[in-house]
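Just below is one structure, and these are the notes that go with it.
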Number of protein chains: 2
Amino acid sequence: MSPSLFLTPADDRYFEDYVTGDIHRFGRIAVEEDEVISFAKRFDPQSFHTDADVARQGPFGGLIASGWHTAGLMMRLLTEHFLSSVASLGSPGIDELRWLKPVRPSDVLSLRVTIREAVPSRSKPDRGMVRSFIEVLNQSDDVVMTLVAMVLVGRRPAPLRQ
Amino acid sequence: MSPSLFLTPADDRYFEDYVTGDIHRFGRIAVEEDEVISFAKRFDPQSFHTDADVARQGPFGGLIASGWHTAGLMMRLLTEHFLSSVASLGSPGIDELRWLKPVRPSDVLSLRVTIREAVPSRSKPDRGMVRSFIEVLNQSDDVVMTLVAMVLVGRRPAPLRQ
């Protein structure tokens with residue numbers, strides 16, 4: 001796996017570090033059956049997410065992770081490898097989220113993130129909007145989920161004058 | 001709160017029960033600080049989601065729920081009040097998700113779901129696609145999150161001939 005392209009660590013990462021066209025490839029997180037079930041029991045209690053026996057007879061032929069659980073695992077990888085720990089200002093939203101293939105227990109997920117655009121804010125000069133195309137891949141390099149995410153990121157502060 | 005408009009219970013709910021233009025208003029789920037923090041520690045470990053003290057100095061002036069946690073709470077209400085328990089075939093995706101206002105511990109969330117269209121599948125005659133506009137509201141009726149969701153739902157089986 002090629003590494004993330006960032007030249008700066010998360011605690012020195014600002015809007016300027018998100019470069020249009022850059023492709024960041026990173027992360028590794030396992031999908032665990034216990035968590036698939038416990039997540040779904042709380043947030044998405046449909047039997048194909050919560051009960052392996054029922055799921056075998058269901059539309060997916062076995063237990064699959066809630067799409068929201070997959071999104072959560074993706075977010076974990078983004079916070080670990082992509083977002084700034086000092087300049088992240090949250091996200092106004094996402095577009096075109098697609099769950100393309102089932103995610104199953106024992107899958108291992110990683111991310112490929114392509115920076116589509118990075119636009120300084122017109123109204124707030126201390127920040128900019130980064131729009132990225134995110135692909136979630138499994139251990140066979142199948143793309144299981146895609147989305148377009150927006151993130152607000154603070155600009156790098158000007159150096160203090162001596 | 002007006003109730004869901006469904007005439008059928010979840011275990012007798014099919015594609016035909018999702019009627020274009022219907023507005024379903026339902027649900028009530030509390031946002032709990034413990035869960036805001038535990039969810040974020042696992043899936044979205046940014047300090048404005050995980051640490052109330054740090055969050056007070058941060059961009060939102062206090063602890064806020066991860067947007068993915070809000071999505072999970074929405075999904076819980078959908079499974080309890082909106083989805084079929086016998087004919088739900090999962091979702092290919094969502095569009096235009098927007099996190100409009102911070103969701104904070106002790107908020108109480110509910111949903112307003114407007115059926116935008118319900119289209120029988122051309123390739124698979126046993127199902128159809130339901131596209132809905134979902135608004136997540138807090139206890140003050142502020143809309144905190146919106147999205148357009150697609151759900152595949154099985155059609156009602158023809159009655160057996162005697």
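Ordering of the structure tokens sets the chain letters (A, B, ...); residue numbers start at 1 within each chain; ligands are numbered from 1 in the order shown.
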What are the residues of chain B lining chain A at 10 Å or less? Count only C-alpha atoms, and put the answer as an MDAnalysis selection string.
chainID B and resid 39:48 58:60 66:80 83:101 145:150
With N, CA and C atoms retained, could you export that selection as a compact mmCIF listing (two decimals), in the first residue's frame?
# COMPACT_ATOMS: atom_id res chain seq x y z
N PHE B 39 -19.01 6.42 21.24
CA PHE B 39 -19.09 6.28 19.78
C PHE B 39 -17.89 6.96 19.13
N ALA B 40 -17.63 8.19 19.54
CA ALA B 40 -16.56 8.96 18.90
C ALA B 40 -15.19 8.37 19.20
N LYS B 41 -14.99 7.85 20.40
CA LYS B 41 -13.68 7.25 20.69
C LYS B 41 -13.37 6.12 19.73
N ARG B 42 -14.40 5.38 19.34
CA ARG B 42 -14.18 4.28 18.41
C ARG B 42 -14.14 4.73 16.95
N PHE B 43 -15.07 5.63 16.58
CA PHE B 43 -15.27 5.89 15.15
C PHE B 43 -14.88 7.29 14.68
N ASP B 44 -14.77 8.23 15.58
CA ASP B 44 -14.54 9.61 15.14
C ASP B 44 -13.83 10.38 16.23
N PRO B 45 -12.59 9.92 16.57
CA PRO B 45 -11.92 10.48 17.74
C PRO B 45 -11.34 11.87 17.50
N GLN B 46 -12.22 12.84 17.32
CA GLN B 46 -11.81 14.24 17.29
C GLN B 46 -12.25 14.85 18.62
N SER B 47 -11.43 15.77 19.13
CA SER B 47 -11.62 16.20 20.52
C SER B 47 -12.98 16.86 20.75
N PHE B 48 -13.56 17.49 19.71
CA PHE B 48 -14.87 18.09 19.95
C PHE B 48 -15.99 17.05 20.06
N GLY B 58 -13.21 24.58 21.69
CA GLY B 58 -13.10 24.24 20.27
C GLY B 58 -14.11 24.98 19.41
N PRO B 59 -14.18 24.60 18.13
CA PRO B 59 -14.99 25.36 17.16
C PRO B 59 -16.49 25.32 17.45
N PHE B 60 -16.96 24.38 18.27
CA PHE B 60 -18.40 24.28 18.51
C PHE B 60 -18.79 24.70 19.92
N SER B 66 -20.68 13.09 16.95
CA SER B 66 -20.20 12.80 15.59
C SER B 66 -21.39 12.78 14.64
N GLY B 67 -21.21 13.35 13.46
CA GLY B 67 -22.29 13.28 12.48
C GLY B 67 -22.70 11.85 12.14
N TRP B 68 -21.75 10.93 12.27
CA TRP B 68 -22.05 9.52 11.99
C TRP B 68 -22.86 8.91 13.13
N HIS B 69 -22.68 9.43 14.33
CA HIS B 69 -23.51 8.99 15.45
C HIS B 69 -24.95 9.47 15.24
N THR B 70 -25.09 10.73 14.84
CA THR B 70 -26.42 11.24 14.52
C THR B 70 -27.08 10.38 13.44
N ALA B 71 -26.29 10.02 12.43
CA ALA B 71 -26.83 9.15 11.37
C ALA B 71 -27.26 7.80 11.94
N GLY B 72 -26.48 7.26 12.87
CA GLY B 72 -26.84 5.99 13.48
C GLY B 72 -28.14 6.09 14.27
N LEU B 73 -28.31 7.18 15.01
CA LEU B 73 -29.55 7.37 15.78
C LEU B 73 -30.75 7.51 14.83
N MET B 74 -30.54 8.22 13.72
CA MET B 74 -31.59 8.30 12.70
C MET B 74 -31.94 6.91 12.18
N MET B 75 -30.91 6.11 11.91
CA MET B 75 -31.16 4.77 11.36
C MET B 75 -31.95 3.93 12.35
N ARG B 76 -31.64 4.08 13.63
CA ARG B 76 -32.40 3.34 14.65
C ARG B 76 -33.89 3.69 14.57
N LEU B 77 -34.18 4.98 14.43
CA LEU B 77 -35.59 5.38 14.34
C LEU B 77 -36.22 4.87 13.04
N LEU B 78 -35.45 4.85 11.96
CA LEU B 78 -36.00 4.31 10.71
C LEU B 78 -36.34 2.83 10.84
N THR B 79 -35.45 2.07 11.48
CA THR B 79 -35.73 0.63 11.61
C THR B 79 -36.94 0.40 12.51
N GLU B 80 -37.11 1.27 13.51
CA GLU B 80 -38.23 1.06 14.45
C GLU B 80 -39.58 1.47 13.87
N LEU B 83 -38.98 1.27 8.25
CA LEU B 83 -38.61 0.16 7.36
C LEU B 83 -39.50 -1.05 7.59
N SER B 84 -39.59 -1.86 6.57
CA SER B 84 -40.26 -3.15 6.70
C SER B 84 -39.34 -4.14 7.40
N SER B 85 -39.92 -4.97 8.25
CA SER B 85 -39.10 -6.01 8.88
C SER B 85 -39.09 -7.29 8.05
N VAL B 86 -39.87 -7.34 6.99
CA VAL B 86 -39.92 -8.55 6.17
C VAL B 86 -39.49 -8.32 4.72
N ALA B 87 -39.50 -7.08 4.25
CA ALA B 87 -39.26 -6.83 2.83
C ALA B 87 -38.14 -5.84 2.55
N SER B 88 -37.41 -5.43 3.59
CA SER B 88 -36.31 -4.50 3.38
C SER B 88 -35.15 -5.23 2.72
N LEU B 89 -34.67 -4.67 1.63
CA LEU B 89 -33.58 -5.31 0.87
C LEU B 89 -32.32 -4.46 0.87
N GLY B 90 -32.22 -3.60 1.87
CA GLY B 90 -31.02 -2.77 1.99
C GLY B 90 -31.09 -1.51 1.16
N SER B 91 -30.01 -0.77 1.18
CA SER B 91 -29.97 0.53 0.52
C SER B 91 -28.76 0.61 -0.38
N PRO B 92 -28.96 1.08 -1.63
CA PRO B 92 -27.78 1.32 -2.48
C PRO B 92 -27.02 2.58 -2.11
N GLY B 93 -27.65 3.49 -1.36
CA GLY B 93 -26.90 4.68 -0.97
C GLY B 93 -27.77 5.84 -0.56
N ILE B 94 -27.10 6.95 -0.31
CA ILE B 94 -27.78 8.18 0.08
C ILE B 94 -27.15 9.35 -0.67
N ASP B 95 -27.88 10.44 -0.73
CA ASP B 95 -27.39 11.64 -1.39
C ASP B 95 -27.60 12.86 -0.50
N GLU B 96 -26.77 13.86 -0.74
CA GLU B 96 -26.98 15.19 -0.15
C GLU B 96 -27.17 15.15 1.35
N LEU B 97 -26.33 14.41 2.04
CA LEU B 97 -26.39 14.44 3.50
C LEU B 97 -25.79 15.76 3.98
N ARG B 98 -26.53 16.46 4.83
CA ARG B 98 -26.04 17.73 5.37
C ARG B 98 -26.18 17.73 6.89
N TRP B 99 -25.08 18.07 7.55
CA TRP B 99 -25.11 18.28 9.00
C TRP B 99 -25.30 19.77 9.22
N LEU B 100 -26.50 20.17 9.57
CA LEU B 100 -26.87 21.59 9.55
C LEU B 100 -26.62 22.30 10.87
N LYS B 101 -26.82 21.58 11.96
CA LYS B 101 -26.62 22.19 13.28
C LYS B 101 -25.96 21.17 14.19
N MET B 145 -30.11 17.66 10.66
CA MET B 145 -29.48 16.87 9.59
C MET B 145 -30.54 16.54 8.55
N THR B 146 -30.15 16.54 7.29
CA THR B 146 -31.06 16.12 6.22
C THR B 146 -30.29 15.20 5.26
N LEU B 147 -31.02 14.37 4.58
CA LEU B 147 -30.44 13.55 3.52
C LEU B 147 -31.55 12.99 2.64
N VAL B 148 -31.13 12.51 1.48
CA VAL B 148 -32.03 11.78 0.59
C VAL B 148 -31.58 10.33 0.63
N ALA B 149 -32.48 9.44 1.02
CA ALA B 149 -32.11 8.03 1.17
C ALA B 149 -32.86 7.17 0.16
N MET B 150 -32.16 6.19 -0.35
CA MET B 150 -32.78 5.19 -1.21
C MET B 150 -32.90 3.88 -0.44
Using DSSP on the backbone, list every residue of segment 67-118 of chain B that comes out as strand (DSSP E), and give them as a PyMOL selection string.
chain B and resi 93-99+108-118
Any idea what the distance is between atom CA of Thr20 of chain A and atom CA of Pro157 of chain A?
20.4 Å
Env of Val108 of chain B: 8 Å cut, atoms = only C-alpha atoms, seq-sep filter 5 positions within chain, self excluded. Answer as a VMD selection string.
chain B and resid 28 to 31 138 to 139
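The shell of residues at most 10 Å from Arg116 of chain A, with only C-alpha atoms counted and near chain neighbours (fewer than 5 positions) removed, consists of Tyr18, Val19, Thr20, Gly21, Asp22, Ile23, Val130, Arg131, Ser132, Phe133, Ile134, Val148, Ala149 and Met150 of chain A.
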Within 10 Å of Gly128 of chain B using only C-alpha atoms, minus same-chain residues under 3 positions, as JSON, numbers by chain
{"B": [14, 15, 16, 18, 89, 118, 119, 120, 121, 122, 123, 124, 125, 131, 151, 152, 153, 154, 155]}
Could you write out that same residue set with all heavy atoms as a compact mmCIF listing (two decimals), in the first residue's frame?
# COMPACT_ATOMS: atom_id res chain seq x y z
N TYR B 14 -44.79 -3.45 2.68
CA TYR B 14 -44.12 -3.74 1.41
C TYR B 14 -44.01 -2.46 0.59
O TYR B 14 -44.51 -1.39 0.99
CB TYR B 14 -44.91 -4.81 0.64
CG TYR B 14 -44.90 -6.15 1.34
CD1 TYR B 14 -45.91 -6.51 2.24
CD2 TYR B 14 -43.85 -7.05 1.13
CE1 TYR B 14 -45.88 -7.73 2.90
CE2 TYR B 14 -43.81 -8.27 1.78
CZ TYR B 14 -44.83 -8.61 2.67
OH TYR B 14 -44.79 -9.80 3.33
N PHE B 15 -43.36 -2.58 -0.54
CA PHE B 15 -43.16 -1.45 -1.46
C PHE B 15 -44.42 -0.63 -1.65
O PHE B 15 -44.39 0.61 -1.66
CB PHE B 15 -42.66 -2.01 -2.80
CG PHE B 15 -42.56 -0.98 -3.88
CD1 PHE B 15 -41.56 -0.02 -3.86
CD2 PHE B 15 -43.48 -0.97 -4.93
CE1 PHE B 15 -41.47 0.95 -4.86
CE2 PHE B 15 -43.39 0.00 -5.93
CZ PHE B 15 -42.38 0.96 -5.89
N GLU B 16 -45.57 -1.32 -1.77
CA GLU B 16 -46.83 -0.63 -2.05
C GLU B 16 -47.25 0.32 -0.92
O GLU B 16 -48.10 1.18 -1.12
CB GLU B 16 -47.95 -1.65 -2.31
CG GLU B 16 -47.81 -2.42 -3.61
CD GLU B 16 -46.74 -3.52 -3.58
OE1 GLU B 16 -46.14 -3.77 -2.51
OE2 GLU B 16 -46.49 -4.11 -4.65
N TYR B 18 -45.34 2.46 0.58
CA TYR B 18 -44.58 3.72 0.52
C TYR B 18 -45.18 4.56 -0.61
O TYR B 18 -45.00 4.25 -1.79
CB TYR B 18 -43.10 3.43 0.29
CG TYR B 18 -42.48 2.65 1.44
CD1 TYR B 18 -42.51 1.25 1.48
CD2 TYR B 18 -41.91 3.32 2.53
CE1 TYR B 18 -41.97 0.55 2.55
CE2 TYR B 18 -41.36 2.63 3.59
CZ TYR B 18 -41.40 1.24 3.60
OH TYR B 18 -40.88 0.54 4.66
N LEU B 89 -34.67 -4.67 1.63
CA LEU B 89 -33.58 -5.31 0.87
C LEU B 89 -32.32 -4.46 0.87
O LEU B 89 -31.47 -4.57 0.00
CB LEU B 89 -34.05 -5.58 -0.56
CG LEU B 89 -35.23 -6.56 -0.66
CD1 LEU B 89 -35.84 -6.53 -2.05
CD2 LEU B 89 -34.77 -7.98 -0.32
N ALA B 118 -41.47 6.42 -5.44
CA ALA B 118 -41.44 4.96 -5.24
C ALA B 118 -41.59 4.35 -6.64
O ALA B 118 -42.65 4.47 -7.27
CB ALA B 118 -42.58 4.53 -4.34
N VAL B 119 -40.52 3.72 -7.10
CA VAL B 119 -40.46 3.29 -8.50
C VAL B 119 -40.24 1.78 -8.56
O VAL B 119 -39.24 1.28 -8.04
CB VAL B 119 -39.30 4.00 -9.23
CG1 VAL B 119 -39.28 3.62 -10.70
CG2 VAL B 119 -39.40 5.51 -9.06
N PRO B 120 -41.14 1.05 -9.19
CA PRO B 120 -40.91 -0.39 -9.35
C PRO B 120 -39.63 -0.63 -10.14
O PRO B 120 -39.31 0.12 -11.07
CB PRO B 120 -42.14 -0.87 -10.14
CG PRO B 120 -43.16 0.20 -9.97
CD PRO B 120 -42.41 1.49 -9.81
N SER B 121 -38.89 -1.67 -9.77
CA SER B 121 -37.69 -2.02 -10.51
C SER B 121 -38.06 -2.55 -11.89
O SER B 121 -39.02 -3.30 -12.05
CB SER B 121 -36.90 -3.08 -9.74
OG SER B 121 -35.89 -3.63 -10.56
N ARG B 122 -37.30 -2.14 -12.91
CA ARG B 122 -37.56 -2.66 -14.25
C ARG B 122 -36.95 -4.06 -14.41
O ARG B 122 -37.53 -4.93 -15.03
CB ARG B 122 -36.93 -1.74 -15.30
CG ARG B 122 -37.92 -0.68 -15.77
CD ARG B 122 -37.27 0.29 -16.73
NE ARG B 122 -37.03 1.57 -16.08
CZ ARG B 122 -36.42 2.60 -16.65
NH1 ARG B 122 -35.96 2.50 -17.88
NH2 ARG B 122 -36.27 3.73 -16.00
N SER B 123 -35.78 -4.24 -13.80
CA SER B 123 -35.08 -5.52 -14.02
C SER B 123 -35.54 -6.61 -13.05
O SER B 123 -35.48 -7.79 -13.36
CB SER B 123 -33.57 -5.32 -13.88
OG SER B 123 -33.27 -4.75 -12.61
N LYS B 124 -36.02 -6.22 -11.86
CA LYS B 124 -36.42 -7.21 -10.86
C LYS B 124 -37.84 -6.92 -10.40
O LYS B 124 -38.08 -6.06 -9.55
CB LYS B 124 -35.45 -7.18 -9.67
CG LYS B 124 -34.03 -7.58 -10.07
CD LYS B 124 -33.08 -7.63 -8.87
CE LYS B 124 -31.70 -8.11 -9.32
NZ LYS B 124 -30.68 -8.01 -8.25
N PRO B 125 -38.81 -7.64 -10.94
CA PRO B 125 -40.22 -7.32 -10.70
C PRO B 125 -40.68 -7.56 -9.27
O PRO B 125 -41.80 -7.18 -8.93
CB PRO B 125 -40.97 -8.24 -11.68
CG PRO B 125 -40.00 -9.33 -12.01
CD PRO B 125 -38.63 -8.77 -11.88
N ARG B 131 -37.41 6.44 -2.64
CA ARG B 131 -36.48 7.54 -2.38
C ARG B 131 -37.17 8.53 -1.45
O ARG B 131 -38.28 9.00 -1.75
CB ARG B 131 -36.10 8.22 -3.70
CG ARG B 131 -34.88 9.13 -3.62
CD ARG B 131 -34.62 9.78 -4.97
NE ARG B 131 -34.45 8.82 -6.04
CZ ARG B 131 -33.26 8.40 -6.49
NH1 ARG B 131 -32.14 8.90 -5.99
NH2 ARG B 131 -33.19 7.52 -7.45
N VAL B 151 -34.03 3.23 -0.57
CA VAL B 151 -34.20 1.92 0.06
C VAL B 151 -34.87 1.00 -0.96
O VAL B 151 -35.82 1.39 -1.64
CB VAL B 151 -35.11 2.00 1.31
CG1 VAL B 151 -35.09 0.66 2.04
CG2 VAL B 151 -34.66 3.09 2.25
N LEU B 152 -34.35 -0.21 -1.05
CA LEU B 152 -34.98 -1.24 -1.87
C LEU B 152 -35.98 -2.00 -1.00
O LEU B 152 -35.63 -2.45 0.10
CB LEU B 152 -33.94 -2.21 -2.42
CG LEU B 152 -33.10 -1.69 -3.58
CD1 LEU B 152 -31.89 -2.60 -3.81
CD2 LEU B 152 -33.97 -1.63 -4.84
N VAL B 153 -37.20 -2.16 -1.51
CA VAL B 153 -38.24 -2.82 -0.73
C VAL B 153 -38.95 -3.84 -1.63
O VAL B 153 -39.30 -3.55 -2.78
CB VAL B 153 -39.28 -1.81 -0.21
CG1 VAL B 153 -40.21 -2.48 0.81
CG2 VAL B 153 -38.62 -0.59 0.42
N GLY B 154 -39.15 -5.02 -1.08
CA GLY B 154 -39.87 -6.05 -1.81
C GLY B 154 -41.34 -5.70 -2.01
O GLY B 154 -41.95 -5.04 -1.17
N ARG B 155 -41.90 -6.12 -3.16
CA ARG B 155 -43.32 -5.88 -3.41
C ARG B 155 -44.16 -6.88 -2.65
O ARG B 155 -43.70 -7.98 -2.31
CB ARG B 155 -43.59 -5.99 -4.92
CG ARG B 155 -42.71 -5.00 -5.70
CD ARG B 155 -43.17 -4.86 -7.11
NE ARG B 155 -44.42 -4.14 -7.15
CZ ARG B 155 -44.89 -3.52 -8.24
NH1 ARG B 155 -44.22 -3.57 -9.37
NH2 ARG B 155 -46.04 -2.88 -8.20
Min atom-atom distance to Leu7 of chain A from the set A:Arg161, A:His81, A:Arg104, A:Arg56, counting only C-alpha atoms, belongs to A:His81
According to DSSP computed on the backbone, where in segment 41-73 of chain A is there alpha helix (DSSP H)? Give the residues as a short mmCIF file (atom, residue, chain, number, x, y, z; two decimals) with all heavy atoms, in the first residue's frame.
data_model
loop_
_atom_site.label_atom_id
_atom_site.label_comp_id
_atom_site.auth_asym_id
_atom_site.auth_seq_id
_atom_site.Cartn_x
_atom_site.Cartn_y
_atom_site.Cartn_z
N LYS A 41 -27.24 -3.85 16.62
CA LYS A 41 -28.29 -3.95 17.64
C LYS A 41 -28.69 -2.58 18.16
O LYS A 41 -29.84 -2.34 18.47
CB LYS A 41 -27.82 -4.85 18.79
CG LYS A 41 -27.93 -6.33 18.44
CD LYS A 41 -27.66 -7.22 19.63
CE LYS A 41 -27.98 -8.67 19.27
NZ LYS A 41 -27.50 -9.62 20.29
N ARG A 42 -27.72 -1.67 18.24
CA ARG A 42 -28.03 -0.33 18.72
C ARG A 42 -28.58 0.56 17.61
O ARG A 42 -29.53 1.30 17.82
CB ARG A 42 -26.76 0.29 19.32
CG ARG A 42 -26.87 1.77 19.70
CD ARG A 42 -27.93 2.03 20.75
NE ARG A 42 -27.97 3.44 21.13
CZ ARG A 42 -29.07 4.07 21.54
NH1 ARG A 42 -30.23 3.41 21.66
NH2 ARG A 42 -29.04 5.34 21.86
N PHE A 43 -27.96 0.50 16.42
CA PHE A 43 -28.24 1.54 15.42
C PHE A 43 -28.98 1.06 14.18
O PHE A 43 -29.53 1.87 13.44
CB PHE A 43 -26.93 2.21 14.98
CG PHE A 43 -26.23 2.95 16.08
CD1 PHE A 43 -25.00 2.54 16.57
CD2 PHE A 43 -26.82 4.07 16.66
CE1 PHE A 43 -24.35 3.22 17.59
CE2 PHE A 43 -26.18 4.77 17.68
CZ PHE A 43 -24.95 4.33 18.15
N SER A 47 -32.24 -7.94 10.64
CA SER A 47 -31.71 -9.26 10.96
C SER A 47 -30.47 -9.62 10.14
O SER A 47 -29.62 -10.38 10.60
CB SER A 47 -32.79 -10.32 10.80
OG SER A 47 -33.33 -10.28 9.50
N PHE A 48 -30.34 -9.05 8.93
CA PHE A 48 -29.12 -9.38 8.17
C PHE A 48 -27.87 -8.69 8.73
O PHE A 48 -26.77 -8.96 8.28
CB PHE A 48 -29.29 -9.12 6.66
CG PHE A 48 -29.97 -7.85 6.26
CD1 PHE A 48 -29.28 -6.65 6.25
CD2 PHE A 48 -31.31 -7.85 5.86
CE1 PHE A 48 -29.90 -5.47 5.86
CE2 PHE A 48 -31.95 -6.67 5.46
CZ PHE A 48 -31.24 -5.48 5.46
N HIS A 49 -28.08 -7.82 9.74
CA HIS A 49 -26.94 -7.22 10.44
C HIS A 49 -26.74 -7.80 11.84
O HIS A 49 -25.68 -7.61 12.45
CB HIS A 49 -27.14 -5.71 10.62
CG HIS A 49 -27.26 -4.92 9.37
ND1 HIS A 49 -26.45 -5.10 8.27
CD2 HIS A 49 -28.10 -3.90 9.03
CE1 HIS A 49 -26.79 -4.24 7.33
NE2 HIS A 49 -27.79 -3.51 7.75
N THR A 50 -27.77 -8.42 12.41
CA THR A 50 -27.71 -8.76 13.84
C THR A 50 -27.71 -10.25 14.14
O THR A 50 -27.40 -10.64 15.26
CB THR A 50 -28.92 -8.17 14.60
OG1 THR A 50 -30.12 -8.68 14.00
CG2 THR A 50 -28.93 -6.65 14.56
N ALA A 52 -26.61 -14.00 12.61
CA ALA A 52 -25.93 -14.75 11.54
C ALA A 52 -26.81 -15.86 10.97
O ALA A 52 -26.79 -16.13 9.77
CB ALA A 52 -24.61 -15.32 12.06
N ASP A 53 -27.60 -16.51 11.83
CA ASP A 53 -28.43 -17.62 11.36
C ASP A 53 -29.54 -17.13 10.43
O ASP A 53 -29.75 -17.66 9.35
CB ASP A 53 -29.03 -18.39 12.55
CG ASP A 53 -27.96 -19.14 13.32
OD1 ASP A 53 -26.94 -19.53 12.71
OD2 ASP A 53 -28.13 -19.30 14.55
N VAL A 54 -30.25 -16.10 10.89
CA VAL A 54 -31.30 -15.53 10.05
C VAL A 54 -30.69 -14.95 8.77
O VAL A 54 -31.24 -15.10 7.67
CB VAL A 54 -32.09 -14.45 10.82
CG1 VAL A 54 -33.13 -13.80 9.92
CG2 VAL A 54 -32.74 -15.05 12.06
N ALA A 55 -29.52 -14.30 8.92
CA ALA A 55 -28.89 -13.65 7.78
C ALA A 55 -28.56 -14.64 6.66
O ALA A 55 -28.60 -14.28 5.48
CB ALA A 55 -27.62 -12.92 8.23
N ARG A 56 -28.23 -15.87 7.03
CA ARG A 56 -27.89 -16.87 6.00
C ARG A 56 -29.05 -17.09 5.02
O ARG A 56 -28.84 -17.35 3.85
CB ARG A 56 -27.50 -18.20 6.65
CG ARG A 56 -26.00 -18.45 6.65
CD ARG A 56 -25.65 -19.86 7.12
NE ARG A 56 -25.93 -20.05 8.53
CZ ARG A 56 -25.13 -19.63 9.52
NH1 ARG A 56 -24.03 -18.98 9.24
NH2 ARG A 56 -25.44 -19.83 10.79
N GLY A 67 -24.35 -0.42 6.76
CA GLY A 67 -23.63 0.59 5.98
C GLY A 67 -23.13 1.74 6.83
O GLY A 67 -22.10 2.36 6.53
N TRP A 68 -23.83 2.01 7.93
CA TRP A 68 -23.41 3.09 8.83
C TRP A 68 -22.20 2.66 9.66
O TRP A 68 -21.40 3.50 10.08
CB TRP A 68 -24.57 3.53 9.71
CG TRP A 68 -25.71 4.02 8.88
CD1 TRP A 68 -26.89 3.39 8.64
CD2 TRP A 68 -25.76 5.25 8.12
NE1 TRP A 68 -27.67 4.14 7.79
CE2 TRP A 68 -27.01 5.28 7.47
CE3 TRP A 68 -24.88 6.32 7.95
CZ2 TRP A 68 -27.39 6.35 6.65
CZ3 TRP A 68 -25.26 7.38 7.13
CH2 TRP A 68 -26.50 7.38 6.50
N HIS A 69 -22.09 1.37 9.92
CA HIS A 69 -20.91 0.85 10.59
C HIS A 69 -19.69 0.97 9.67
O HIS A 69 -18.63 1.45 10.09
CB HIS A 69 -21.17 -0.61 10.99
CG HIS A 69 -20.08 -1.24 11.81
ND1 HIS A 69 -20.00 -2.59 12.00
CD2 HIS A 69 -19.01 -0.70 12.46
CE1 HIS A 69 -18.93 -2.86 12.75
NE2 HIS A 69 -18.32 -1.74 13.04
N THR A 70 -19.87 0.60 8.41
CA THR A 70 -18.79 0.78 7.44
C THR A 70 -18.37 2.24 7.37
O THR A 70 -17.18 2.56 7.33
CB THR A 70 -19.25 0.30 6.04
OG1 THR A 70 -19.70 -1.06 6.15
CG2 THR A 70 -18.13 0.38 5.03
N ALA A 71 -19.35 3.13 7.38
CA ALA A 71 -19.04 4.57 7.37
C ALA A 71 -18.24 4.96 8.62
O ALA A 71 -17.30 5.76 8.56
CB ALA A 71 -20.32 5.39 7.27
N GLY A 72 -18.62 4.38 9.76
CA GLY A 72 -17.88 4.68 10.99
C GLY A 72 -16.44 4.20 10.93
O GLY A 72 -15.51 4.90 11.34
N LEU A 73 -16.24 3.01 10.38
CA LEU A 73 -14.87 2.49 10.24
C LEU A 73 -14.04 3.36 9.29
O LEU A 73 -12.87 3.65 9.54
CB LEU A 73 -14.90 1.03 9.77
CG LEU A 73 -15.55 0.04 10.76
CD1 LEU A 73 -15.77 -1.32 10.10
CD2 LEU A 73 -14.72 -0.11 12.03
#
